[in-house]
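S.K.: Following this line is upload-v1.pdb, made up of PDB, C-alpha atoms and all ligand atoms:
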```pdb
ATOM      1  CA  MET A  11      94.508 102.743 116.754
ATOM      2  CA  GLY A  12      97.915 101.061 116.583
ATOM      3  CA  SER A  13      98.321  97.331 116.729
ATOM      4  CA  LEU A  14     100.907  95.117 118.368
ATOM      5  CA  ARG A  15     100.969  92.827 115.352
ATOM      6  CA  ARG A  16     104.376  93.002 113.740
ATOM      7  CA  THR A  17     103.628  91.312 110.429
ATOM      8  CA  GLU A  18     100.702  90.653 108.161
ATOM      9  CA  LYS A  19     100.542  87.620 105.886
ATOM     10  CA  ALA A  20     101.956  88.670 102.544
ATOM     11  CA  PRO A  21     104.776  91.209 102.413
ATOM     12  CA  LEU A  22     103.584  94.478 100.913
ATOM     13  CA  GLN A  23     104.988  95.074  97.438
ATOM     14  CA  PRO A  24     105.790  98.529  96.046
ATOM     15  CA  PRO A  25     103.536  99.578  93.179
ATOM     16  CA  PRO A  26     105.167  99.654  89.730
ATOM     17  CA  ILE A  27     106.402 103.010  88.453
ATOM     18  CA  THR A  28     104.878 103.112  85.014
ATOM     19  CA  GLY A  29     103.987 106.710  84.260
ATOM     20  CA  ARG A  30     102.640 110.016  85.409
ATOM     21  CA  ILE A  31      99.994 109.893  88.141
ATOM     22  CA  THR A  32      99.416 113.621  88.517
ATOM     23  CA  THR A  33     100.090 116.930  86.826
ATOM     24  CA  ARG A  34      99.744 118.712  90.186
ATOM     25  CA  GLY A  35     102.856 120.189  91.692
ATOM     26  CA  ILE A  36     104.214 118.430  94.764
ATOM     27  CA  GLY A  37     106.685 119.517  97.441
ATOM     28  CA  VAL A  38     108.441 116.609  99.151
ATOM     29  CA  VAL A  39     109.685 117.463 102.636
ATOM     30  CA  LEU A  40     112.461 115.255 104.026
ATOM     31  CA  PRO A  41     113.395 115.995 107.673
ATOM     32  CA  ALA A  42     116.967 114.872 108.326
ATOM     33  CA  PHE A  43     118.905 114.757 111.577
ATOM     34  CA  ASN A  44     122.311 113.086 111.326
ATOM     35  CA  GLU A  45     121.379 111.054 108.252
ATOM     36  CA  GLU A  46     124.674 111.346 106.342
ATOM     37  CA  ALA A  47     124.716 107.608 105.611
ATOM     38  CA  VAL A  48     121.448 107.618 103.735
ATOM     39  CA  ILE A  49     120.381 111.132 102.765
ATOM     40  CA  ALA A  50     121.874 111.083  99.255
ATOM     41  CA  GLU A  51     120.239 107.747  98.495
ATOM     42  CA  THR A  52     116.874 108.923  99.830
ATOM     43  CA  VAL A  53     116.951 112.128  97.793
ATOM     44  CA  GLY A  54     118.124 110.230  94.692
ATOM     45  CA  LYS A  55     115.304 107.700  94.915
ATOM     46  CA  CYS A  56     112.766 110.483  95.455
ATOM     47  CA  ALA A  57     114.005 112.406  92.406
ATOM     48  CA  GLU A  58     114.014 109.298  90.219
ATOM     49  CA  THR A  59     110.463 108.302  91.178
ATOM     50  CA  LEU A  60     108.971 111.796  91.139
ATOM     51  CA  ALA A  61     110.369 112.509  87.685
ATOM     52  CA  VAL A  62     108.065 109.754  86.412
ATOM     53  CA  ILE A  63     104.950 109.952  88.610
ATOM     54  CA  ALA A  64     104.730 113.682  89.426
ATOM     55  CA  PRO A  65     107.159 115.620  87.229
ATOM     56  CA  ASP A  66     106.278 119.037  88.685
ATOM     57  CA  TYR A  67     108.112 118.413  91.942
ATOM     58  CA  GLU A  68     110.467 120.005  94.430
ATOM     59  CA  ILE A  69     112.420 118.217  97.132
ATOM     60  CA  ILE A  70     113.104 120.057 100.365
ATOM     61  CA  VAL A  71     115.689 118.540 102.659
ATOM     62  CA  VAL A  72     115.538 119.962 106.160
ATOM     63  CA  ASP A  73     118.916 119.541 107.791
ATOM     64  CA  ASP A  74     117.782 119.815 111.401
ATOM     65  CA  GLY A  75     120.989 121.000 113.038
ATOM     66  CA  SER A  76     122.812 117.765 112.186
ATOM     67  CA  HIS A  77     126.263 117.211 113.725
ATOM     68  CA  ASP A  78     127.422 115.076 110.817
ATOM     69  CA  GLY A  79     127.785 115.634 107.073
ATOM     70  CA  THR A  80     124.024 115.664 106.301
ATOM     71  CA  GLY A  81     123.890 119.411 105.617
ATOM     72  CA  ALA A  82     126.952 119.442 103.355
ATOM     73  CA  ILE A  83     125.713 116.429 101.375
ATOM     74  CA  ALA A  84     122.291 118.029 100.936
ATOM     75  CA  ASP A  85     123.884 121.325  99.829
ATOM     76  CA  ALA A  86     125.920 119.460  97.207
ATOM     77  CA  LEU A  87     122.798 117.720  95.895
ATOM     78  CA  ALA A  88     120.975 121.059  95.697
ATOM     79  CA  ALA A  89     123.873 122.679  93.862
ATOM     80  CA  ASP A  90     123.500 120.050  91.126
ATOM     81  CA  ASP A  91     119.714 120.103  90.790
ATOM     82  CA  PRO A  92     117.477 123.195  90.942
ATOM     83  CA  ARG A  93     114.530 121.063  92.085
ATOM     84  CA  ILE A  94     116.342 120.195  95.320
ATOM     85  CA  HIS A  95     116.343 122.750  98.140
ATOM     86  CA  VAL A  96     117.888 122.679 101.584
ATOM     87  CA  VAL A  97     116.731 124.367 104.771
ATOM     88  CA  HIS A  98     119.231 124.397 107.626
ATOM     89  CA  ASN A  99     117.802 124.571 111.123
ATOM     90  CA  GLN A 100     120.488 125.812 113.442
ATOM     91  CA  PRO A 101     120.276 124.686 116.180
ATOM     92  CA  ASN A 102     118.222 121.508 115.981
ATOM     93  CA  ARG A 103     114.463 122.139 116.354
ATOM     94  CA  GLY A 104     113.208 118.571 116.692
ATOM     95  CA  TYR A 105     111.036 116.533 114.352
ATOM     96  CA  GLY A 106     108.061 118.911 114.315
ATOM     97  CA  GLY A 107     110.283 121.944 113.894
ATOM     98  CA  ALA A 108     112.004 120.242 110.986
ATOM     99  CA  LEU A 109     108.698 119.571 109.241
ATOM    100  CA  LEU A 110     107.489 123.140 109.898
ATOM    101  CA  ALA A 111     110.670 124.592 108.390
ATOM    102  CA  GLY A 112     110.098 122.453 105.292
ATOM    103  CA  PHE A 113     106.375 123.188 105.005
ATOM    104  CA  ALA A 114     107.117 126.921 105.157
ATOM    105  CA  VAL A 115     109.031 126.859 101.863
ATOM    106  CA  VAL A 116     106.829 124.482  99.846
ATOM    107  CA  SER A 117     105.703 126.294  96.700
ATOM    108  CA  LYS A 118     103.559 123.528  95.167
ATOM    109  CA  ASP A 119      99.867 122.640  95.599
ATOM    110  CA  LEU A 120     100.562 119.317  97.302
ATOM    111  CA  THR A 121     102.825 118.651 100.281
ATOM    112  CA  PHE A 122     104.151 115.190 101.002
ATOM    113  CA  TYR A 123     106.475 114.295 103.845
ATOM    114  CA  MET A 124     108.550 111.238 104.529
ATOM    115  CA  ASP A 125     111.350 110.373 106.929
ATOM    116  CA  SER A 126     114.730 110.533 105.229
ATOM    117  CA  ASP A 127     116.237 107.612 107.166
ATOM    118  CA  GLY A 128     115.483 104.972 104.531
ATOM    119  CA  GLN A 129     112.555 103.375 106.409
ATOM    120  CA  PHE A 130     109.993 104.235 103.722
ATOM    121  CA  ASP A 131     109.834 103.480 100.012
ATOM    122  CA  ILE A 132     109.006 106.544  97.923
ATOM    123  CA  ARG A 133     107.394 104.294  95.301
ATOM    124  CA  ASP A 134     104.419 103.941  97.672
ATOM    125  CA  LEU A 135     103.654 107.589  96.870
ATOM    126  CA  VAL A 136     101.982 106.241  93.699
ATOM    127  CA  LYS A 137      99.128 104.922  95.855
ATOM    128  CA  LEU A 138      98.717 108.192  97.735
ATOM    129  CA  LEU A 139      98.675 110.252  94.533
ATOM    130  CA  GLU A 140      96.088 107.966  92.958
ATOM    131  CA  LEU A 141      93.852 108.585  95.962
ATOM    132  CA  ARG A 142      94.496 112.331  95.700
ATOM    133  CA  GLU A 143      93.352 112.155  92.097
ATOM    134  CA  GLN A 144      90.124 110.581  93.380
ATOM    135  CA  GLY A 145      89.550 113.704  95.471
ATOM    136  CA  TYR A 146      90.976 112.966  98.923
ATOM    137  CA  ARG A 147      92.723 116.121 100.084
ATOM    138  CA  ALA A 148      94.599 114.215 102.786
ATOM    139  CA  VAL A 149      95.966 110.717 102.249
ATOM    140  CA  LEU A 150      97.490 109.066 105.306
ATOM    141  CA  GLY A 151      99.922 106.180 105.061
ATOM    142  CA  TYR A 152      99.974 103.542 107.765
ATOM    143  CA  ARG A 153     102.735 101.026 108.362
ATOM    144  CA  ALA A 154     101.206  97.644 107.618
ATOM    145  CA  GLN A 155     104.260  95.716 108.782
ATOM    146  CA  ARG A 156     106.198  97.869 111.232
ATOM    147  CA  GLN A 157     109.879  97.023 111.421
ATOM    148  CA  ASP A 158     110.346  98.046 115.048
ATOM    149  CA  SER A 159     111.306  96.309 118.282
ATOM    150  CA  THR A 160     108.602  94.873 120.561
ATOM    151  CA  MET A 161     109.258  97.686 123.058
ATOM    152  CA  ARG A 162     108.785 100.241 120.313
ATOM    153  CA  LEU A 163     105.529  98.599 119.187
ATOM    154  CA  LEU A 164     104.283  98.590 122.773
ATOM    155  CA  ASN A 165     105.118 102.288 123.134
ATOM    156  CA  ALA A 166     103.309 103.075 119.903
ATOM    157  CA  TRP A 167     100.248 101.096 120.949
ATOM    158  CA  GLY A 168     100.034 102.899 124.316
ATOM    159  CA  TRP A 169     100.662 106.272 122.711
ATOM    160  CA  ASN A 170      97.946 105.786 120.091
ATOM    161  CA  LEU A 171      95.526 104.685 122.799
ATOM    162  CA  LEU A 172      96.278 107.832 124.832
ATOM    163  CA  VAL A 173      95.944 110.131 121.834
ATOM    164  CA  SER A 174      92.686 108.539 120.749
ATOM    165  CA  ARG A 175      91.287 109.014 124.271
ATOM    166  CA  LEU A 176      92.516 112.614 124.642
ATOM    167  CA  PHE A 177      91.487 113.865 121.207
ATOM    168  CA  GLY A 178      88.941 111.355 119.914
ATOM    169  CA  LEU A 179      91.410 110.680 117.111
ATOM    170  CA  HIS A 180      90.962 107.254 115.541
ATOM    171  CA  VAL A 181      93.548 107.227 112.795
ATOM    172  CA  ARG A 182      95.325 103.907 112.222
ATOM    173  CA  ASP A 183      98.905 105.150 112.439
ATOM    174  CA  ILE A 184      99.073 108.730 113.688
ATOM    175  CA  ASP A 185     102.848 109.045 113.503
ATOM    176  CA  CYS A 186     103.469 107.268 110.221
ATOM    177  CA  ALA A 187     105.775 109.680 108.393
ATOM    178  CA  PHE A 188     104.300 109.105 104.954
ATOM    179  CA  LYS A 189     101.448 111.518 104.409
ATOM    180  CA  LEU A 190     100.119 113.683 101.599
ATOM    181  CA  TYR A 191      98.131 116.862 102.183
ATOM    182  CA  ASP A 192      96.970 119.727 100.042
ATOM    183  CA  THR A 193      99.370 122.535 100.910
ATOM    184  CA  GLU A 194      96.396 124.818 101.465
ATOM    185  CA  LEU A 195      95.268 122.558 104.309
ATOM    186  CA  ILE A 196      98.662 122.664 105.970
ATOM    187  CA  ARG A 197      98.589 126.456 105.820
ATOM    188  CA  ALA A 198      95.088 126.467 107.329
ATOM    189  CA  PHE A 199      96.167 124.120 110.143
ATOM    190  CA  ASP A 200      98.533 126.815 111.473
ATOM    191  CA  VAL A 201     100.635 124.158 113.189
ATOM    192  CA  HIS A 202     102.792 125.032 116.210
ATOM    193  CA  SER A 203     104.143 121.719 117.537
ATOM    194  CA  GLU A 204     107.932 121.625 117.320
ATOM    195  CA  GLY A 205     108.219 118.056 118.572
ATOM    196  CA  ALA A 206     106.804 114.593 118.091
ATOM    197  CA  VAL A 207     103.142 115.609 118.451
ATOM    198  CA  ILE A 208     103.078 117.517 115.180
ATOM    199  CA  SER A 209     101.278 114.651 113.401
ATOM    200  CA  THR A 210      98.622 114.590 116.127
ATOM    201  CA  GLU A 211      98.096 118.346 115.831
ATOM    202  CA  MET A 212      97.670 118.137 112.054
ATOM    203  CA  LEU A 213      95.266 115.199 112.223
ATOM    204  CA  VAL A 214      93.084 116.671 114.969
ATOM    205  CA  LYS A 215      92.754 119.856 112.917
ATOM    206  CA  LEU A 216      92.079 117.917 109.715
ATOM    207  CA  ILE A 217      89.223 116.096 111.392
ATOM    208  CA  ARG A 218      87.816 119.202 113.082
ATOM    209  CA  MET A 219      87.704 120.846 109.662
ATOM    210  CA  GLY A 220      85.664 117.916 108.364
ATOM    211  CA  ILE A 221      88.008 117.245 105.456
ATOM    212  CA  PRO A 222      87.495 113.828 103.819
ATOM    213  CA  TYR A 223      90.628 111.737 104.127
ATOM    214  CA  THR A 224      91.627 108.170 103.523
ATOM    215  CA  GLU A 225      94.278 105.758 104.795
ATOM    216  CA  ILE A 226      96.489 103.397 102.841
ATOM    217  CA  PRO A 227      99.071 100.782 103.890
ATOM    218  CA  VAL A 228     102.698 101.550 103.081
ATOM    219  CA  GLN A 229     105.903  99.598 103.494
ATOM    220  CA  HIS A 230     108.075 100.133 106.543
ATOM    221  CA  LEU A 231     111.679  99.014 106.236
ATOM    222  CA  PRO A 232     114.220  98.265 108.977
ATOM    223  CA  ARG A 233     116.505 101.154 109.928
ATOM    224  CA  LEU A 234     119.883 100.200 108.444
ATOM    225  CA  HIS A 235     121.812 103.380 109.249
ATOM    226  CA  GLY A 236     121.865 105.996 111.948
ATOM    227  CA  LYS A 237     120.426 105.761 115.429
ATOM    228  CA  ALA A 238     116.899 104.826 116.501
ATOM    229  CA  THR A 239     115.811 107.450 119.015
ATOM    230  CA  GLY A 240     112.069 107.054 119.309
ATOM    231  CA  ALA A 241     112.100 104.684 122.314
ATOM    232  CA  LYS A 242     114.438 106.740 124.547
ATOM    233  CA  LEU A 243     112.925 107.667 127.917
ATOM    234  CA  ARG A 244     113.870 111.331 127.433
ATOM    235  CA  VAL A 245     112.027 111.411 124.108
ATOM    236  CA  ILE A 246     108.927 109.780 125.600
ATOM    237  CA  VAL A 247     108.788 112.108 128.628
ATOM    238  CA  ARG A 248     109.152 115.144 126.369
ATOM    239  CA  ALA A 249     106.385 113.830 124.113
ATOM    240  CA  PHE A 250     103.961 113.521 127.063
ATOM    241  CA  GLY A 251     104.610 117.157 128.003
ATOM    242  CA  GLU A 252     104.002 118.229 124.417
ATOM    243  CA  LEU A 253     100.792 116.231 124.293
ATOM    244  CA  LEU A 254      99.362 117.967 127.354
ATOM    245  CA  ARG A 255     100.307 121.406 126.018
ATOM    246  CA  LEU A 256      98.752 120.520 122.682
ATOM    247  CA  ARG A 257      95.555 119.505 124.409
ATOM    248  CA  SER A 258      95.181 122.879 126.102
ATOM    249  CA  ARG A 259      96.030 124.751 122.874
ATOM    250  CA  LEU A 260      93.550 122.722 120.844
ATOM    251  CA  SER A 261      90.686 123.199 123.270
ATOM    252  CA  ALA A 262      90.148 126.661 121.788
ATOM    253  CA  TRP A 263      91.199 125.990 118.191
ATOM    254  CA  ALA A 264      88.852 126.589 115.264
ATOM    255  CA  PRO A 265      89.825 127.138 111.619
ATOM    256  CA  THR A 266      90.007 130.875 110.883
ATOM    257  CA  GLU A 267      90.531 130.928 107.110
ATOM    258  CA  PRO A 268      87.758 129.676 104.833
ATOM    259  CA  LEU A 269      89.228 127.246 102.309
ATOM    260  CA  THR A 270      88.791 127.778  98.583
ATOM    261  CA  ALA A 271      85.616 126.566  96.887
ATOM    262  CA  GLY A 272      85.325 122.801  96.779
ATOM    263  CA  ALA A 273      87.820 122.376  99.560
ATOM    264  CA  VAL A 274      85.594 120.085 101.557
ATOM    265  CA  ALA A 275      83.834 118.420  98.639
ATOM    266  CA  ALA A 276      83.584 114.655  98.997
ATOM    267  CA  PRO A 277      85.842 112.562  96.766
ATOM    268  CA  SER A 278      84.375 111.413  93.486
ATOM    269  CA  ALA A 279      85.174 107.735  93.804
ATOM    270  CA  ALA A 280      85.486 105.621  96.949
ATOM    271  CA  PRO A 281      83.377 106.615  99.986
ATOM    272  CA  SER A 282      84.914 109.243 102.209
ATOM    273  CA  ARG A 283      86.113 108.348 105.659
ATOM    274  CA  VAL A 284      85.406 111.236 107.931
ATOM    275  CA  ILE A 285      85.660 110.710 111.642
ATOM    276  CA  ARG A 286      84.761 113.668 113.767
ATOM    277  CA  GLY A 287      86.493 114.127 117.085
TER     278      GLY A 287
HETATM  279  N1  LIG B   1     115.293 111.833 116.122
HETATM  280  C1  LIG B   1     115.175 112.990 115.482
HETATM  281  N2  LIG B   1     114.873 112.926 114.189
HETATM  282  C2  LIG B   1     114.770 114.087 113.534
HETATM  283  C3  LIG B   1     114.965 115.321 114.182
HETATM  284  N3  LIG B   1     114.803 116.282 113.281
HETATM  285  C4  LIG B   1     114.540 115.669 112.126
HETATM  286  N4  LIG B   1     114.533 114.328 112.264
HETATM  287  C5  LIG B   1     114.254 113.330 111.190
HETATM  288  O1  LIG B   1     112.956 112.833 111.412
HETATM  289  C6  LIG B   1     112.826 111.520 110.897
HETATM  290  C7  LIG B   1     112.242 110.626 111.960
HETATM  291  O2  LIG B   1     113.151 110.447 113.012
HETATM  292  P1  LIG B   1     113.535 108.997 113.529
HETATM  293  O3  LIG B   1     114.568 109.193 114.589
HETATM  294  O4  LIG B   1     113.881 108.112 112.382
HETATM  295  O5  LIG B   1     112.198 108.526 114.191
HETATM  296  P2  LIG B   1     111.456 107.160 114.054
HETATM  297  O6  LIG B   1     111.503 106.620 112.645
HETATM  298  O7  LIG B   1     110.132 107.359 114.672
HETATM  299  O8  LIG B   1     112.280 106.249 115.000
HETATM  300  P3  LIG B   1     113.583 105.393 114.792
HETATM  301  O9  LIG B   1     113.980 105.417 113.351
HETATM  302  O10 LIG B   1     113.203 104.053 115.268
HETATM  303  O11 LIG B   1     114.509 106.131 115.679
HETATM  304  C8  LIG B   1     114.199 111.091 110.407
HETATM  305  O12 LIG B   1     114.268 111.293 109.019
HETATM  306  C9  LIG B   1     115.126 112.064 111.160
HETATM  307  O13 LIG B   1     116.323 112.283 110.457
HETATM  308  C10 LIG B   1     115.302 115.351 115.570
HETATM  309  O14 LIG B   1     115.493 116.385 116.187
HETATM  310  N5  LIG B   1     115.383 114.155 116.176
HETATM  311 MG    MG B   2     113.027 106.155 111.579
END
```
Go ahead and express the file in the form of structure tokens.
M.R.:
Amino acid sequence: MGSLRRTEKAPLQPPPITGRITTRGIGVVLPAFNEEAVIAETVGKCAETLAVIAPDYEIIVVDDGSHDGTGAIADALAADDPRIHVVHNQPNRGYGGALLAGFAVVSKDLTFYMDSDGQFDIRDLVKLLELREQGYRAVLGYRAQRQDSTMRLLNAWGWNLLVSRLFGLHVRDIDCAFKLYDTELIRAFDVHSEGAVISTEMLVKLIRMGIPYTEIPVQHLPRLHGKATGAKLRVIVRAFGELLRLRSRLSAWAPTEPLTAGAVAAPSAAPSRVIRG
């Protein structure tokens, strides 16, 4: 469940980038809505880090119907680098729709997603990949020191409380946009949420499938560019509607596709953390 604490004692430091963590292929999905001020920097940092820690990578920028230069900047980056791809949603589909458009074109075994607004540090992916190498097929980041307003923290606390009551979901930071999944799991989830509840849908399904997962603290940086939208009344009201629809859809949901052998094997190292809803 979320916490109202804004800071913990020592500031979290990014892990050093010293060498390859995995030989697995990884697709990095970056949803972007009006992020012209920061998208090139985000993609550049991702490419630089991935080249060292996970060289078999692809970066997928999802320009979610942006009204600014985000799409053109992303197209220019893709024209220069075959590992960068751009999906244009036209019109805007919303956060969940942006992630779904990106997930649909991932061609690698692992899928990682991160906001493109500069509030996360891609170097933290080192920690998630190390845990994947230990056998966790889902590694969930949580923001140890959220850089949000008090109102935003209050909203998040209430939202997490509601979601944990409705779905029995006890994940530390449901909506932290820094998560790594096996692509096969994402396909099996058969996600439909186009809005903010997409993370809830994925996590409820993960837990119902009994997949071992783990959680790890990641940095959260202040938003320096673009507009914060998450605390707008319109956004919150829409999210409540989505949550209720999700609840009725999930009441009947069960995984249809058996996963490949070993899919639900427990990790080799640290104890698994499986919470069943
Ligand atoms: N707000 C919003 N973001 C979108 C949309 N589609 C894709 N995104 C991207 O989704 C990510 C998360 O959106 P943010 O608005 O940063 O949400 P947040 O980090 O929870 O909240 P703030 O940064 O405080 O507004 C960013 O990278 C956006 O560019 C959309 O329709 N609306
Ligand atoms: Mg943000």
S.K.: Please report, as a tab-separated table, each residue of chain A lying at most 9 Å from ligand LIG 1 (chain B), together with the nearest pair of atoms and the separation in Å rounded to one decimal; use only C-alpha atoms and all ligand atoms, and order rows by chain and ascending residue number.
M.R.:
```
residue	atom	partner	partner_atom	distance
A:Leu40	CA	B:LIG1	O12	6.6
A:Pro41	CA	B:LIG1	C5	4.5
A:Ala42	CA	B:LIG1	O13	3.4
A:Phe43	CA	B:LIG1	O13	3.7
A:Asn44	CA	B:LIG1	O13	6.1
A:Glu45	CA	B:LIG1	O13	5.7
A:Ile49	CA	B:LIG1	O12	8.7
A:Val72	CA	B:LIG1	C4	7.4
A:Asp73	CA	B:LIG1	C4	7.3
A:Asp74	CA	B:LIG1	N3	5.0
A:Gly75	CA	B:LIG1	N3	7.8
A:Ser76	CA	B:LIG1	N3	8.2
A:Asn102	CA	B:LIG1	O14	5.8
A:Arg103	CA	B:LIG1	O14	5.8
A:Gly104	CA	B:LIG1	O14	3.2
A:Tyr105	CA	B:LIG1	N3	3.9
A:Gly106	CA	B:LIG1	N3	7.3
A:Gly107	CA	B:LIG1	N3	7.3
A:Ala108	CA	B:LIG1	C4	5.4
A:Leu109	CA	B:LIG1	C4	7.6
A:Met124	CA	B:LIG1	O12	7.3
A:Asp125	CA	B:LIG1	O12	3.7
A:Ser126	CA	B:LIG1	O12	3.9
A:Asp127	CA	B:LIG1	O12	4.6
A:Gly128	CA	B:LIG1	O12	7.8
A:Gln129	CA	B:LIG1	O6	7.1
A:Gln157	CA	B:LIG1	O10	8.7
A:Asp158	CA	B:LIG1	O10	6.7
A:Ser159	CA	B:LIG1	O10	8.5
A:Arg162	CA	B:LIG1	O10	7.7
A:Asp185	CA	B:LIG1	O7	7.6
A:Cys186	CA	B:LIG1	O7	8.0
A:Ala187	CA	B:LIG1	C7	7.4
A:Gly205	CA	B:LIG1	O14	7.8
A:Ala206	CA	B:LIG1	O7	8.7
A:Pro232	CA	B:LIG1	O9	8.4
A:Arg233	CA	B:LIG1	O9	6.0
A:Gly236	CA	B:LIG1	O9	8.0
A:Lys237	CA	B:LIG1	O11	5.9
A:Ala238	CA	B:LIG1	O11	2.8
A:Thr239	CA	B:LIG1	O11	3.8
A:Gly240	CA	B:LIG1	O8	4.4
A:Ala241	CA	B:LIG1	O10	7.2
A:Lys242	CA	B:LIG1	O11	8.9
A:Val245	CA	B:LIG1	N1	8.6
```
S.K.: With C-alpha atoms retained, write the just-selected residues as an mmCIF file, in the coordinates of the input.
M.R.:
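This is the output file result-v4.cif:
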```cif
data_model
loop_
_atom_site.group_PDB
_atom_site.id
_atom_site.type_symbol
_atom_site.label_atom_id
_atom_site.label_comp_id
_atom_site.auth_asym_id
_atom_site.auth_seq_id
_atom_site.Cartn_x
_atom_site.Cartn_y
_atom_site.Cartn_z
ATOM 1 C CA LEU A 40 112.461 115.255 104.026
ATOM 2 C CA PRO A 41 113.395 115.995 107.673
ATOM 3 C CA ALA A 42 116.967 114.872 108.326
ATOM 4 C CA PHE A 43 118.905 114.757 111.577
ATOM 5 C CA ASN A 44 122.311 113.086 111.326
ATOM 6 C CA GLU A 45 121.379 111.054 108.252
ATOM 7 C CA ILE A 49 120.381 111.132 102.765
ATOM 8 C CA VAL A 72 115.538 119.962 106.160
ATOM 9 C CA ASP A 73 118.916 119.541 107.791
ATOM 10 C CA ASP A 74 117.782 119.815 111.401
ATOM 11 C CA GLY A 75 120.989 121.000 113.038
ATOM 12 C CA SER A 76 122.812 117.765 112.186
ATOM 13 C CA ASN A 102 118.222 121.508 115.981
ATOM 14 C CA ARG A 103 114.463 122.139 116.354
ATOM 15 C CA GLY A 104 113.208 118.571 116.692
ATOM 16 C CA TYR A 105 111.036 116.533 114.352
ATOM 17 C CA GLY A 106 108.061 118.911 114.315
ATOM 18 C CA GLY A 107 110.283 121.944 113.894
ATOM 19 C CA ALA A 108 112.004 120.242 110.986
ATOM 20 C CA LEU A 109 108.698 119.571 109.241
ATOM 21 C CA MET A 124 108.550 111.238 104.529
ATOM 22 C CA ASP A 125 111.350 110.373 106.929
ATOM 23 C CA SER A 126 114.730 110.533 105.229
ATOM 24 C CA ASP A 127 116.237 107.612 107.166
ATOM 25 C CA GLY A 128 115.483 104.972 104.531
ATOM 26 C CA GLN A 129 112.555 103.375 106.409
ATOM 27 C CA GLN A 157 109.879 97.023 111.421
ATOM 28 C CA ASP A 158 110.346 98.046 115.048
ATOM 29 C CA SER A 159 111.306 96.309 118.282
ATOM 30 C CA ARG A 162 108.785 100.241 120.313
ATOM 31 C CA ASP A 185 102.848 109.045 113.503
ATOM 32 C CA CYS A 186 103.469 107.268 110.221
ATOM 33 C CA ALA A 187 105.775 109.680 108.393
ATOM 34 C CA GLY A 205 108.219 118.056 118.572
ATOM 35 C CA ALA A 206 106.804 114.593 118.091
ATOM 36 C CA PRO A 232 114.220 98.265 108.977
ATOM 37 C CA ARG A 233 116.505 101.154 109.928
ATOM 38 C CA GLY A 236 121.865 105.996 111.948
ATOM 39 C CA LYS A 237 120.426 105.761 115.429
ATOM 40 C CA ALA A 238 116.899 104.826 116.501
ATOM 41 C CA THR A 239 115.811 107.450 119.015
ATOM 42 C CA GLY A 240 112.069 107.054 119.309
ATOM 43 C CA ALA A 241 112.100 104.684 122.314
ATOM 44 C CA LYS A 242 114.438 106.740 124.547
ATOM 45 C CA VAL A 245 112.027 111.411 124.108
#
```
S.K.: Name the residues in contact with Leu120 in chain A at a cut-off of 8 Å, using all atoms listed in the file, excluding same-chain residues fewer than 3 positions from it; report them as number ranges by chain.
M.R.: A: 34-37, 190-193
S.K.: Which of these residues is nearest to Pro25 in chain A, using only C-alpha atoms: A:Val39, A:Val207, A:Leu254, A:Glu140?
M.R.: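 Ranked by minimum distance to Pro25 in chain A, first place goes to A:Glu140.
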S.K.: Just the number, please: distance in Å from CA of Pro222 in chain A to CA of Arg142 in chain A, one decimal.
M.R.: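 Computing it gives 10.8 Å between the two atoms.
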S.K.: Could you expand the PyMOL selection byres (((chain A and resi 85) around 12) and not hetatm) into the explicit residues it covers here, written as a list in words?
M.R.: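 On this input, the PyMOL selection byres (((chain A and resi 85) around 12) and not hetatm) captures Glu46, Ile49, Ala50, Val53, Ile70, Val71, Val72, Asp73, Gly79, Thr80, Gly81, Ala82, Ile83, Ala84, Ala86, Leu87, Ala88, Ala89, Asp90, Asp91, Pro92, Ile94, His95, Val96, Val97 and His98 of chain A.
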S.K.: Choose the residue, out of A:Val181, A:Leu231, A:Ile132, A:Val38, that has the smallest atom-to-atom separation from ligand MG 2 (chain B); count only C-alpha atoms and all ligand atoms.
M.R.: A:Leu231
S.K.: Using all atoms listed in the file for the distances, tell me which of A:Leu135, A:Ile208, A:Leu176, A:Ile246 is nearest to Ser261 in chain A.
M.R.: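 Nearest to Ser261 in chain A: A:Leu176.
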S.K.: With distances taken over only C-alpha atoms and all ligand atoms, which of A:Lys137, A:His235, A:Arg93, A:Lys118 is nearest to ligand MG 2 (chain B)?
M.R.: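 Using only C-alpha atoms and all ligand atoms, ligand MG 2 (chain B) sits closest to A:His235.
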S.K.: Between A:His230, A:Gly29, A:Leu139, A:Met161, which one has atoms that come closest to ligand MG 2 (chain B), using all atoms listed in the file?
M.R.: A:His230
S.K.: Just the number, please: distance in Å from CA of Val201 in chain A to CA of Ala111 in chain A, one decimal.
M.R.: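 So the two atoms, CA of Val201 in chain A and CA of Ala111 in chain A, lie 11.1 Å apart.
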S.K.: So which one's closest to Phe122 in chain A, A:Gly151, A:Gly220, A:Pro227, A:Gly178? Using all atoms listed in the file, please.
M.R.: A:Gly151
S.K.: Quick one: pull the distance between CA of Met219 in chain A and CA of Pro265 in chain A, Å, one decimal.
M.R.: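 Distance reported for this atom pair: 6.9 Å.
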S.K.: Applying the PyMOL selection byres (((chain A and resi 59) around 10) and not hetatm) to the file I just gave you, which residues come out? Please list them as a ChimeraX atom specification.
M.R.: /A:27-30,54-58,60-65,132-136
S.K.: Quick one: everything within 6 Å of Val149 in chain A, counting all atoms listed in the file, minus sequence neighbours fewer than 6 positions away in the same chain. Send it as a list in words.
M.R.: Leu138, Lys189, Leu190, Tyr223, Thr224 and Glu225 of chain A
S.K.: Could you list, as number ranges by chain, every residue matched by the PyMOL selection byres (((chain A and resi 229) around 7) and not hetatm) in this structure?
M.R.: A: 22, 130-131, 153-155, 227-228, 230-231
